[in-house]
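One file, coords_17.pdb, carrying PDB, C-alpha atoms:
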ATOM      1  CA  MET T   1     -22.349 -47.330 -80.451
ATOM      2  CA  SER T   2     -24.619 -44.913 -82.237
ATOM      3  CA  PRO T   3     -23.163 -41.537 -83.276
ATOM      4  CA  VAL T   4     -25.707 -39.689 -81.112
ATOM      5  CA  ILE T   5     -24.758 -41.596 -77.955
ATOM      6  CA  LEU T   6     -21.064 -41.156 -78.749
ATOM      7  CA  LEU T   7     -21.547 -37.400 -79.226
ATOM      8  CA  LEU T   8     -23.506 -37.101 -75.954
ATOM      9  CA  THR T   9     -20.825 -39.066 -74.073
ATOM     10  CA  VAL T  10     -18.051 -36.837 -75.436
ATOM     11  CA  LEU T  11     -20.012 -33.686 -74.587
ATOM     12  CA  LEU T  12     -20.714 -34.932 -71.067
ATOM     13  CA  PHE T  13     -17.061 -35.681 -70.303
ATOM     14  CA  ALA T  14     -15.791 -32.586 -72.080
ATOM     15  CA  GLY T  15     -18.283 -30.449 -70.175
ATOM     16  CA  ALA T  16     -17.504 -31.888 -66.718
ATOM     17  CA  PRO T  17     -14.598 -29.494 -66.022
ATOM     18  CA  PHE T  18     -16.749 -26.593 -67.203
ATOM     19  CA  LEU T  19     -19.568 -27.601 -64.833
ATOM     20  CA  SER T  20     -17.062 -27.830 -61.983
ATOM     21  CA  GLN T  21     -15.844 -24.313 -62.762
ATOM     22  CA  LEU T  22     -19.425 -23.066 -62.698
ATOM     23  CA  TYR T  23     -19.902 -24.494 -59.209
ATOM     24  CA  ASP T  24     -16.566 -23.104 -58.021
ATOM     25  CA  SER T  25     -17.504 -19.638 -59.248
ATOM     26  CA  LYS T  26     -20.900 -19.709 -57.532
ATOM     27  CA  PRO T  27     -20.822 -17.148 -54.712
ATOM     28  CA  LEU T  28     -21.011 -18.484 -51.182
ATOM     29  CA  ASP T  29     -24.236 -17.986 -49.305
ATOM     30  CA  THR T  30     -23.334 -15.696 -46.422
ATOM     31  CA  VAL T  31     -25.258 -14.624 -43.360
ATOM     32  CA  PRO T  32     -27.680 -11.754 -44.082
ATOM     33  CA  TYR T  33     -25.983  -9.257 -41.764
ATOM     34  CA  VAL T  34     -22.992  -9.032 -39.411
ATOM     35  CA  ASN T  35     -22.790  -6.411 -36.677
ATOM     36  CA  LEU T  36     -19.034  -5.749 -36.818
ATOM     37  CA  THR T  37     -18.954  -4.296 -33.304
ATOM     38  CA  ARG T  38     -20.345  -7.558 -31.924
ATOM     39  CA  TYR T  39     -18.121  -9.615 -34.240
ATOM     40  CA  SER T  40     -14.973  -7.856 -33.009
ATOM     41  CA  GLY T  41     -12.859  -9.531 -30.346
ATOM     42  CA  HIS T  42     -11.130 -12.861 -29.801
ATOM     43  CA  TRP T  43     -12.084 -16.009 -31.739
ATOM     44  CA  PHE T  44     -10.528 -19.414 -31.023
ATOM     45  CA  VAL T  45      -9.942 -21.586 -34.092
ATOM     46  CA  TRP T  46     -11.464 -25.006 -33.432
ATOM     47  CA  ALA T  47     -10.784 -26.400 -36.904
ATOM     48  CA  ASN T  48      -9.552 -25.244 -40.287
ATOM     49  CA  GLN T  49      -8.919 -26.421 -43.804
ATOM     50  CA  PRO T  50      -5.297 -25.308 -44.114
ATOM     51  CA  ILE T  51      -4.559 -24.211 -47.643
ATOM     52  CA  ASP T  52      -2.989 -21.252 -45.858
ATOM     53  CA  LEU T  53       0.634 -22.291 -45.253
ATOM     54  CA  THR T  54       0.877 -20.057 -42.189
ATOM     55  CA  GLN T  55      -1.634 -22.367 -40.471
ATOM     56  CA  HIS T  56       0.434 -25.533 -40.979
ATOM     57  CA  ASN T  57       2.064 -26.711 -37.762
ATOM     58  CA  CYS T  58       0.076 -24.003 -35.954
ATOM     59  CA  TYR T  59      -1.715 -24.815 -32.696
ATOM     60  CA  CYS T  60      -3.939 -22.866 -30.344
ATOM     61  CA  SER T  61      -4.811 -20.388 -33.105
ATOM     62  CA  ILE T  62      -6.660 -17.191 -32.255
ATOM     63  CA  PHE T  63      -8.073 -14.475 -34.482
ATOM     64  CA  ASN T  64      -8.631 -11.038 -33.007
ATOM     65  CA  TYR T  65     -10.635  -8.345 -34.787
ATOM     66  CA  THR T  66     -10.933  -4.702 -33.785
ATOM     67  CA  LEU T  67     -13.376  -2.391 -35.568
ATOM     68  CA  ASN T  68     -11.695   0.856 -36.600
ATOM     69  CA  SER T  69     -13.447   4.234 -36.878
ATOM     70  CA  ASP T  70     -13.166   4.091 -40.694
ATOM     71  CA  GLY T  71     -15.118   0.805 -40.836
ATOM     72  CA  THR T  72     -12.096  -1.427 -41.484
ATOM     73  CA  LEU T  73     -10.979  -4.161 -39.119
ATOM     74  CA  SER T  74      -7.567  -4.468 -37.515
ATOM     75  CA  VAL T  75      -6.740  -8.158 -37.734
ATOM     76  CA  GLU T  76      -4.352 -10.165 -35.629
ATOM     77  CA  GLU T  77      -3.832 -13.888 -36.145
ATOM     78  CA  GLN T  78      -1.697 -15.721 -33.656
ATOM     79  CA  CYS T  79      -0.736 -19.313 -32.971
ATOM     80  CA  ASN T  80       1.855 -21.421 -31.247
ATOM     81  CA  LYS T  81       4.214 -23.168 -33.677
ATOM     82  CA  GLY T  82       4.672 -26.919 -33.261
ATOM     83  CA  SER T  83       2.650 -27.449 -30.065
ATOM     84  CA  GLY T  84       0.262 -25.826 -27.617
ATOM     85  CA  ASN T  85       3.117 -24.086 -25.839
ATOM     86  CA  GLY T  86       5.348 -23.586 -28.883
ATOM     87  CA  THR T  87       6.827 -20.321 -30.092
ATOM     88  CA  LEU T  88       4.240 -17.593 -30.542
ATOM     89  CA  ASN T  89       3.684 -16.610 -34.180
ATOM     90  CA  VAL T  90       1.727 -13.386 -34.844
ATOM     91  CA  ARG T  91       0.745 -11.664 -38.070
ATOM     92  CA  THR T  92      -1.286  -8.491 -38.399
ATOM     93  CA  GLY T  93      -3.337  -7.054 -41.183
ATOM     94  CA  THR T  94      -6.422  -5.132 -42.198
ATOM     95  CA  GLY T  95      -9.905  -6.308 -43.089
ATOM     96  CA  THR T  96     -11.907  -4.263 -45.597
ATOM     97  CA  VAL T  97     -15.641  -4.885 -45.887
ATOM     98  CA  LEU T  98     -16.496  -5.795 -49.485
ATOM     99  CA  ASN T  99     -20.273  -5.966 -49.077
ATOM    100  CA  LYS T 100     -21.446  -3.041 -46.954
ATOM    101  CA  THR T 101     -25.060  -4.241 -46.958
ATOM    102  CA  SER T 102     -24.300  -7.484 -45.123
ATOM    103  CA  ASN T 103     -20.758  -6.900 -43.766
ATOM    104  CA  ALA T 104     -20.345 -10.649 -44.365
ATOM    105  CA  GLN T 105     -17.689 -10.433 -47.085
ATOM    106  CA  ILE T 106     -14.326  -9.071 -45.991
ATOM    107  CA  GLU T 107     -10.963  -8.862 -47.718
ATOM    108  CA  MET T 108      -8.197  -9.779 -45.286
ATOM    109  CA  LYS T 109      -4.851  -8.280 -46.252
ATOM    110  CA  PHE T 110      -1.600  -9.102 -44.493
ATOM    111  CA  SER T 111       0.796  -7.974 -47.237
ATOM    112  CA  ILE T 112       0.657  -7.066 -50.922
ATOM    113  CA  THR T 113       0.651 -10.738 -51.917
ATOM    114  CA  ASP T 114      -1.039 -12.218 -48.828
ATOM    115  CA  LYS T 115      -4.695 -11.332 -49.078
ATOM    116  CA  TYR T 116      -7.917 -13.283 -49.410
ATOM    117  CA  GLU T 117     -11.671 -12.914 -49.219
ATOM    118  CA  TYR T 118     -13.194 -14.080 -45.955
ATOM    119  CA  ASP T 119     -16.947 -14.771 -46.131
ATOM    120  CA  ILE T 120     -18.997 -15.295 -42.980
ATOM    121  CA  ILE T 121     -21.129 -18.298 -43.921
ATOM    122  CA  ALA T 122     -22.713 -19.111 -40.555
ATOM    123  CA  LEU T 123     -22.935 -17.153 -37.315
ATOM    124  CA  ASP T 124     -25.129 -17.892 -34.320
ATOM    125  CA  GLU T 125     -27.363 -15.136 -32.952
ATOM    126  CA  ASN T 126     -25.170 -14.671 -29.859
ATOM    127  CA  TYR T 127     -21.983 -14.250 -31.931
ATOM    128  CA  THR T 128     -20.438 -17.229 -30.148
ATOM    129  CA  TYR T 129     -19.694 -19.541 -33.111
ATOM    130  CA  ALA T 130     -18.954 -18.843 -36.756
ATOM    131  CA  LEU T 131     -18.009 -20.575 -39.981
ATOM    132  CA  VAL T 132     -15.919 -18.532 -42.380
ATOM    133  CA  GLY T 133     -14.392 -19.448 -45.703
ATOM    134  CA  ASN T 134     -13.211 -18.184 -49.064
ATOM    135  CA  PRO T 135     -15.283 -18.250 -52.284
ATOM    136  CA  ALA T 136     -12.881 -20.748 -53.921
ATOM    137  CA  ARG T 137     -13.773 -23.140 -51.091
ATOM    138  CA  THR T 138     -10.129 -23.909 -50.337
ATOM    139  CA  ARG T 139      -9.957 -22.255 -46.911
ATOM    140  CA  ALA T 140     -12.434 -22.538 -44.045
ATOM    141  CA  TYR T 141     -12.415 -22.005 -40.292
ATOM    142  CA  ILE T 142     -14.798 -23.013 -37.521
ATOM    143  CA  ILE T 143     -14.262 -20.463 -34.776
ATOM    144  CA  SER T 144     -15.660 -19.870 -31.289
ATOM    145  CA  ARG T 145     -15.556 -17.198 -28.612
ATOM    146  CA  HIS T 146     -14.378 -19.731 -26.060
ATOM    147  CA  ASN T 147     -11.737 -22.402 -26.051
ATOM    148  CA  ILE T 148     -13.945 -25.289 -24.932
ATOM    149  CA  PHE T 149     -14.511 -27.548 -27.935
ATOM    150  CA  GLU T 150     -18.113 -28.729 -28.404
ATOM    151  CA  GLN T 151     -18.517 -31.699 -30.752
ATOM    152  CA  LYS T 152     -22.206 -31.029 -31.483
ATOM    153  CA  VAL T 153     -21.497 -27.424 -32.535
ATOM    154  CA  PHE T 154     -18.509 -28.528 -34.604
ATOM    155  CA  ASP T 155     -20.589 -31.209 -36.366
ATOM    156  CA  ASN T 156     -23.284 -28.637 -37.207
ATOM    157  CA  TYR T 157     -20.840 -26.090 -38.659
ATOM    158  CA  SER T 158     -18.873 -28.797 -40.467
ATOM    159  CA  SER T 159     -22.114 -29.933 -42.138
ATOM    160  CA  ILE T 160     -22.897 -26.363 -43.200
ATOM    161  CA  ALA T 161     -19.415 -26.113 -44.725
ATOM    162  CA  PHE T 162     -19.869 -29.377 -46.618
ATOM    163  CA  LEU T 163     -23.278 -28.247 -47.958
ATOM    164  CA  ASN T 164     -21.554 -25.082 -49.218
ATOM    165  CA  GLY T 165     -19.017 -27.038 -51.261
ATOM    166  CA  PHE T 166     -16.109 -27.370 -48.816
ATOM    167  CA  ASN T 167     -14.455 -30.739 -48.247
ATOM    168  CA  ASN T 168     -14.656 -32.563 -44.926
ATOM    169  CA  ASN T 169     -10.886 -32.676 -44.330
ATOM    170  CA  TRP T 170     -10.607 -30.594 -41.179
ATOM    171  CA  ARG T 171      -7.414 -29.923 -39.275
ATOM    172  CA  TYR T 172      -7.750 -29.384 -35.525
ATOM    173  CA  PRO T 173      -5.275 -26.776 -34.257
ATOM    174  CA  TYR T 174      -7.237 -26.486 -31.031
ATOM    175  CA  GLN T 175      -5.394 -28.301 -28.242
ATOM    176  CA  GLY T 176      -7.609 -27.563 -25.216
ATOM    177  CA  LYS T 177      -5.823 -27.374 -21.888
ATOM    178  CA  ALA T 178      -2.479 -27.862 -23.655
ATOM    179  CA  CYS T 179      -2.756 -24.354 -25.087
ATOM    180  CA  TYR T 180      -0.934 -21.364 -23.766
ATOM    181  CA  TYR T 181      -2.822 -18.293 -24.979
ATOM    182  CA  ASN T 182      -1.016 -14.987 -25.060
ATOM    183  CA  PHE T 183      -3.443 -12.241 -26.017
ATOM    184  CA  THR T 184      -1.239  -9.597 -27.583
ATOM    185  CA  ALA T 185      -3.984  -7.396 -29.005
ATOM    186  CA  ALA T 186      -6.292  -5.168 -27.009
TER     187      ALA T 186
END

Rewrite the structure of this file - the entire thing - as structure tokens.
Amino acid sequence: MSPVILLLTVLLFAGAPFLSQLYDSKPLDTVPYVNLTRYSGHWFVWANQPIDLTQHNCYCSIFNYTLNSDGTLSVEEQCNKGSGNGTLNVRTGTGTVLNKTSNAQIEMKFSITDKYEYDIIALDENYTYALVGNPARTRAYIISRHNIFEQKVFDNYSSIAFLNGFNNNWRYPYQGKACYYNFTAA
């Protein structure tokens, strides 16, 4: 093998992790603007990529957002542990808008150590369906205003996630009619 080809091969393989890091650090493309008043309310989690340990063994997950007068969001995440009618698990936190031009990048904070960036990647014009995820591309959620799963909508949002660098390993906490929803937030 010629020295030039050997050098190029070594550089290619040595540079592969660096190229991967460049992609991972590329900011997510978010929606241009989110009206937080319209975005507030209940969202049913149809599917998620569960790096978040609190989502493991969680079913019938719901996110609830309330816009506060100071521009932050009160956040409530709830789910039933183990099954659709399992024990209710609720955690509360605060969402702080990171990009005030678009309102599409929000830091969710549940405790000092439990916080993450939540980017709104796709949102339909009626604020009925959304795809959200973190910039590291390790956490993503397909959420809807209603609890009736629609395969065509899911396929569309799943494709958008994949094109944005997320994997296609979705977990489906949505259990349809087997869910008992207990809305604890106003």

Looking at only C-alpha atoms, which of T:Gly93, T:Gly41, T:Pro27, T:Pro32 is the one that sits closest to Ile143 of chain T?
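Using only C-alpha atoms, the shortest distance to Ile143 of chain T belongs to T:Gly41.
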
Residue neighbourhood segment 120-131 of chain T, 6 Å, all atoms listed in the file, exclusion window fewer than 5 positions, as a VMD selection string:
chain T and resid 30 to 31 104 141 to 145

Set the distance at 10 Å and use all atoms listed in the file: which residues neighbour segment 108-112 of chain T once local chain neighbours fewer than 3 positions away are removed? I'd like the list as a PDB file with C-alpha atoms, in the coordinates of the input.
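What follows is the written file result.pdb:
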ATOM      1  CA  THR T  72     -12.096  -1.427 -41.484  1.00  0.00           C
ATOM      2  CA  LEU T  73     -10.979  -4.161 -39.119  1.00  0.00           C
ATOM      3  CA  SER T  74      -7.567  -4.468 -37.515  1.00  0.00           C
ATOM      4  CA  VAL T  75      -6.740  -8.158 -37.734  1.00  0.00           C
ATOM      5  CA  GLU T  76      -4.352 -10.165 -35.629  1.00  0.00           C
ATOM      6  CA  GLU T  77      -3.832 -13.888 -36.145  1.00  0.00           C
ATOM      7  CA  ARG T  91       0.745 -11.664 -38.070  1.00  0.00           C
ATOM      8  CA  THR T  92      -1.286  -8.491 -38.399  1.00  0.00           C
ATOM      9  CA  GLY T  93      -3.337  -7.054 -41.183  1.00  0.00           C
ATOM     10  CA  THR T  94      -6.422  -5.132 -42.198  1.00  0.00           C
ATOM     11  CA  GLY T  95      -9.905  -6.308 -43.089  1.00  0.00           C
ATOM     12  CA  THR T  96     -11.907  -4.263 -45.597  1.00  0.00           C
ATOM     13  CA  VAL T  97     -15.641  -4.885 -45.887  1.00  0.00           C
ATOM     14  CA  GLN T 105     -17.689 -10.433 -47.085  1.00  0.00           C
ATOM     15  CA  LYS T 115      -4.695 -11.332 -49.078  1.00  0.00           C
ATOM     16  CA  TYR T 116      -7.917 -13.283 -49.410  1.00  0.00           C
ATOM     17  CA  GLU T 117     -11.671 -12.914 -49.219  1.00  0.00           C
ATOM     18  CA  TYR T 118     -13.194 -14.080 -45.955  1.00  0.00           C
TER      19      TYR T 118
END

Would you work out the distance separating atom CA of Asn169 of chain T from atom CA of Arg139 of chain T, expressed in Å to one decimal?
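So the two atoms, atom CA of Asn169 of chain T and atom CA of Arg139 of chain T, lie 10.8 Å apart.
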
Fewer than 2 positions away in the same chain doesn't count, so skip those; otherwise give me all residues within 9 Å of Asn80 of chain T, counting all atoms listed in the file, as a list in words.
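Final neighbour list, sorted by chain and number: Asn57, Cys58, Tyr59, Cys60, Ser61, Gln78, Gly82, Ser83, Gly84, Asn85, Gly86, Thr87, Leu88, Asn89, Val90, Cys179, Tyr180 and Tyr181 of chain T.
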
Of T:Phe63, T:Trp170, T:Tyr39, T:Trp46, the one sitting nearest Phe149 of chain T when using all atoms listed in the file is T:Trp46

Hey, which of T:Ile62, T:Val34, T:Lys152, T:Ile106 ends up closest to Asn48 of chain T? Count only C-alpha atoms.
T:Ile62

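With atom CA of Phe44 of chain T on one side and atom CA of His146 of chain T on the other, the separation reads 6.3 Å.
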
Expressed in Å to a single decimal, how great is the separation between atom CA of Thr101 of chain T and atom CA of Tyr65 of chain T?
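Result for atom CA of Thr101 of chain T versus atom CA of Tyr65 of chain T: 19.3 Å, one decimal.
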
Can you save segment 113-158 of chain T of the given block to a file, including N, CA and C atoms and formatted as a compact mmCIF listing (two decimals), in the first residue's frame?
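Wrote it out as decode-v9.txt, contents follow:
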# COMPACT_ATOMS: atom_id res chain seq x y z
N THR T 113 -30.36 18.79 39.42
CA THR T 113 -29.64 17.88 38.52
C THR T 113 -30.51 17.37 37.37
N ASP T 114 -31.81 17.54 37.45
CA ASP T 114 -32.72 17.02 36.43
C ASP T 114 -33.24 18.16 35.56
N LYS T 115 -32.44 18.50 34.56
CA LYS T 115 -32.85 19.54 33.63
C LYS T 115 -32.32 19.19 32.25
N TYR T 116 -33.03 19.66 31.22
CA TYR T 116 -32.62 19.39 29.86
C TYR T 116 -33.24 20.41 28.91
N GLU T 117 -32.60 20.57 27.77
CA GLU T 117 -33.15 21.45 26.74
C GLU T 117 -34.18 20.68 25.93
N TYR T 118 -35.25 21.33 25.63
CA TYR T 118 -36.41 20.77 24.94
C TYR T 118 -36.65 21.65 23.72
N ASP T 119 -36.32 21.16 22.54
CA ASP T 119 -36.49 21.95 21.31
C ASP T 119 -37.73 21.47 20.57
N ILE T 120 -38.54 22.41 20.12
CA ILE T 120 -39.74 22.08 19.36
C ILE T 120 -39.33 22.04 17.89
N ILE T 121 -39.26 20.82 17.36
CA ILE T 121 -38.72 20.57 16.03
C ILE T 121 -39.81 20.64 14.96
N ALA T 122 -40.99 20.18 15.29
CA ALA T 122 -42.12 20.21 14.35
C ALA T 122 -43.39 20.48 15.14
N LEU T 123 -44.26 21.27 14.55
CA LEU T 123 -45.52 21.65 15.19
C LEU T 123 -46.50 22.01 14.08
N ASP T 124 -47.66 21.35 14.06
CA ASP T 124 -48.61 21.68 13.00
C ASP T 124 -49.27 23.03 13.28
N GLU T 125 -49.86 23.62 12.27
CA GLU T 125 -50.40 24.98 12.39
C GLU T 125 -51.55 25.08 13.39
N ASN T 126 -52.22 23.98 13.68
CA ASN T 126 -53.33 24.00 14.64
C ASN T 126 -52.89 23.67 16.06
N TYR T 127 -51.59 23.47 16.26
CA TYR T 127 -51.05 23.11 17.58
C TYR T 127 -51.69 21.82 18.11
N THR T 128 -51.83 20.85 17.22
CA THR T 128 -52.43 19.57 17.57
C THR T 128 -51.37 18.49 17.76
N TYR T 129 -50.29 18.54 16.98
CA TYR T 129 -49.22 17.54 17.03
C TYR T 129 -47.88 18.26 17.11
N ALA T 130 -46.94 17.64 17.81
CA ALA T 130 -45.60 18.23 17.90
C ALA T 130 -44.55 17.13 18.04
N LEU T 131 -43.35 17.47 17.59
CA LEU T 131 -42.17 16.65 17.81
C LEU T 131 -41.20 17.51 18.59
N VAL T 132 -40.76 17.01 19.72
CA VAL T 132 -39.80 17.73 20.54
C VAL T 132 -38.63 16.81 20.84
N GLY T 133 -37.46 17.41 21.04
CA GLY T 133 -36.29 16.60 21.34
C GLY T 133 -35.18 17.46 21.91
N ASN T 134 -34.11 16.80 22.34
CA ASN T 134 -32.97 17.55 22.88
C ASN T 134 -31.86 17.63 21.84
N PRO T 135 -30.99 18.64 21.92
CA PRO T 135 -29.94 18.84 20.93
C PRO T 135 -28.97 17.66 20.80
N ALA T 136 -28.79 16.88 21.86
CA ALA T 136 -27.89 15.71 21.80
C ALA T 136 -28.53 14.56 21.03
N ARG T 137 -29.81 14.71 20.72
CA ARG T 137 -30.57 13.71 19.96
C ARG T 137 -30.68 12.37 20.69
N THR T 138 -30.79 12.44 22.01
CA THR T 138 -30.94 11.24 22.82
C THR T 138 -32.34 11.14 23.43
N ARG T 139 -33.14 12.17 23.29
CA ARG T 139 -34.48 12.20 23.87
C ARG T 139 -35.40 12.87 22.86
N ALA T 140 -36.53 12.21 22.56
CA ALA T 140 -37.50 12.78 21.65
C ALA T 140 -38.89 12.30 22.02
N TYR T 141 -39.88 13.14 21.74
CA TYR T 141 -41.27 12.81 22.03
C TYR T 141 -42.14 13.22 20.85
N ILE T 142 -43.07 12.36 20.48
CA ILE T 142 -44.13 12.72 19.54
C ILE T 142 -45.37 12.86 20.41
N ILE T 143 -45.93 14.07 20.41
CA ILE T 143 -47.04 14.38 21.31
C ILE T 143 -48.24 14.90 20.54
N SER T 144 -49.43 14.75 21.13
CA SER T 144 -50.67 15.15 20.48
C SER T 144 -51.63 15.72 21.51
N ARG T 145 -52.53 16.55 21.04
CA ARG T 145 -53.55 17.12 21.92
C ARG T 145 -54.62 16.10 22.30
N HIS T 146 -54.74 15.05 21.53
CA HIS T 146 -55.76 14.06 21.83
C HIS T 146 -55.14 12.67 21.96
N ASN T 147 -55.87 11.79 22.59
CA ASN T 147 -55.32 10.48 22.88
C ASN T 147 -55.72 9.41 21.87
N ILE T 148 -56.04 9.81 20.67
CA ILE T 148 -56.36 8.86 19.60
C ILE T 148 -55.16 8.80 18.67
N PHE T 149 -54.44 7.69 18.72
CA PHE T 149 -53.22 7.50 17.94
C PHE T 149 -53.56 7.46 16.45
N GLU T 150 -52.78 8.20 15.64
CA GLU T 150 -52.95 8.21 14.19
C GLU T 150 -51.64 7.79 13.55
N GLN T 151 -51.62 6.64 12.92
CA GLN T 151 -50.39 6.08 12.35
C GLN T 151 -49.76 7.00 11.32
N LYS T 152 -50.56 7.60 10.46
CA LYS T 152 -50.03 8.48 9.41
C LYS T 152 -49.30 9.68 10.01
N VAL T 153 -49.88 10.28 11.05
CA VAL T 153 -49.25 11.43 11.71
C VAL T 153 -47.96 10.97 12.40
N PHE T 154 -48.04 9.83 13.09
CA PHE T 154 -46.85 9.30 13.75
C PHE T 154 -45.73 9.05 12.73
N ASP T 155 -46.05 8.42 11.61
CA ASP T 155 -45.04 8.13 10.59
C ASP T 155 -44.38 9.41 10.08
N ASN T 156 -45.18 10.47 9.88
CA ASN T 156 -44.65 11.75 9.42
C ASN T 156 -43.68 12.35 10.44
N TYR T 157 -44.08 12.40 11.71
CA TYR T 157 -43.23 13.00 12.73
C TYR T 157 -42.01 12.13 13.04
N SER T 158 -42.17 10.83 12.94
CA SER T 158 -41.03 9.92 13.12
C SER T 158 -40.00 10.14 12.02
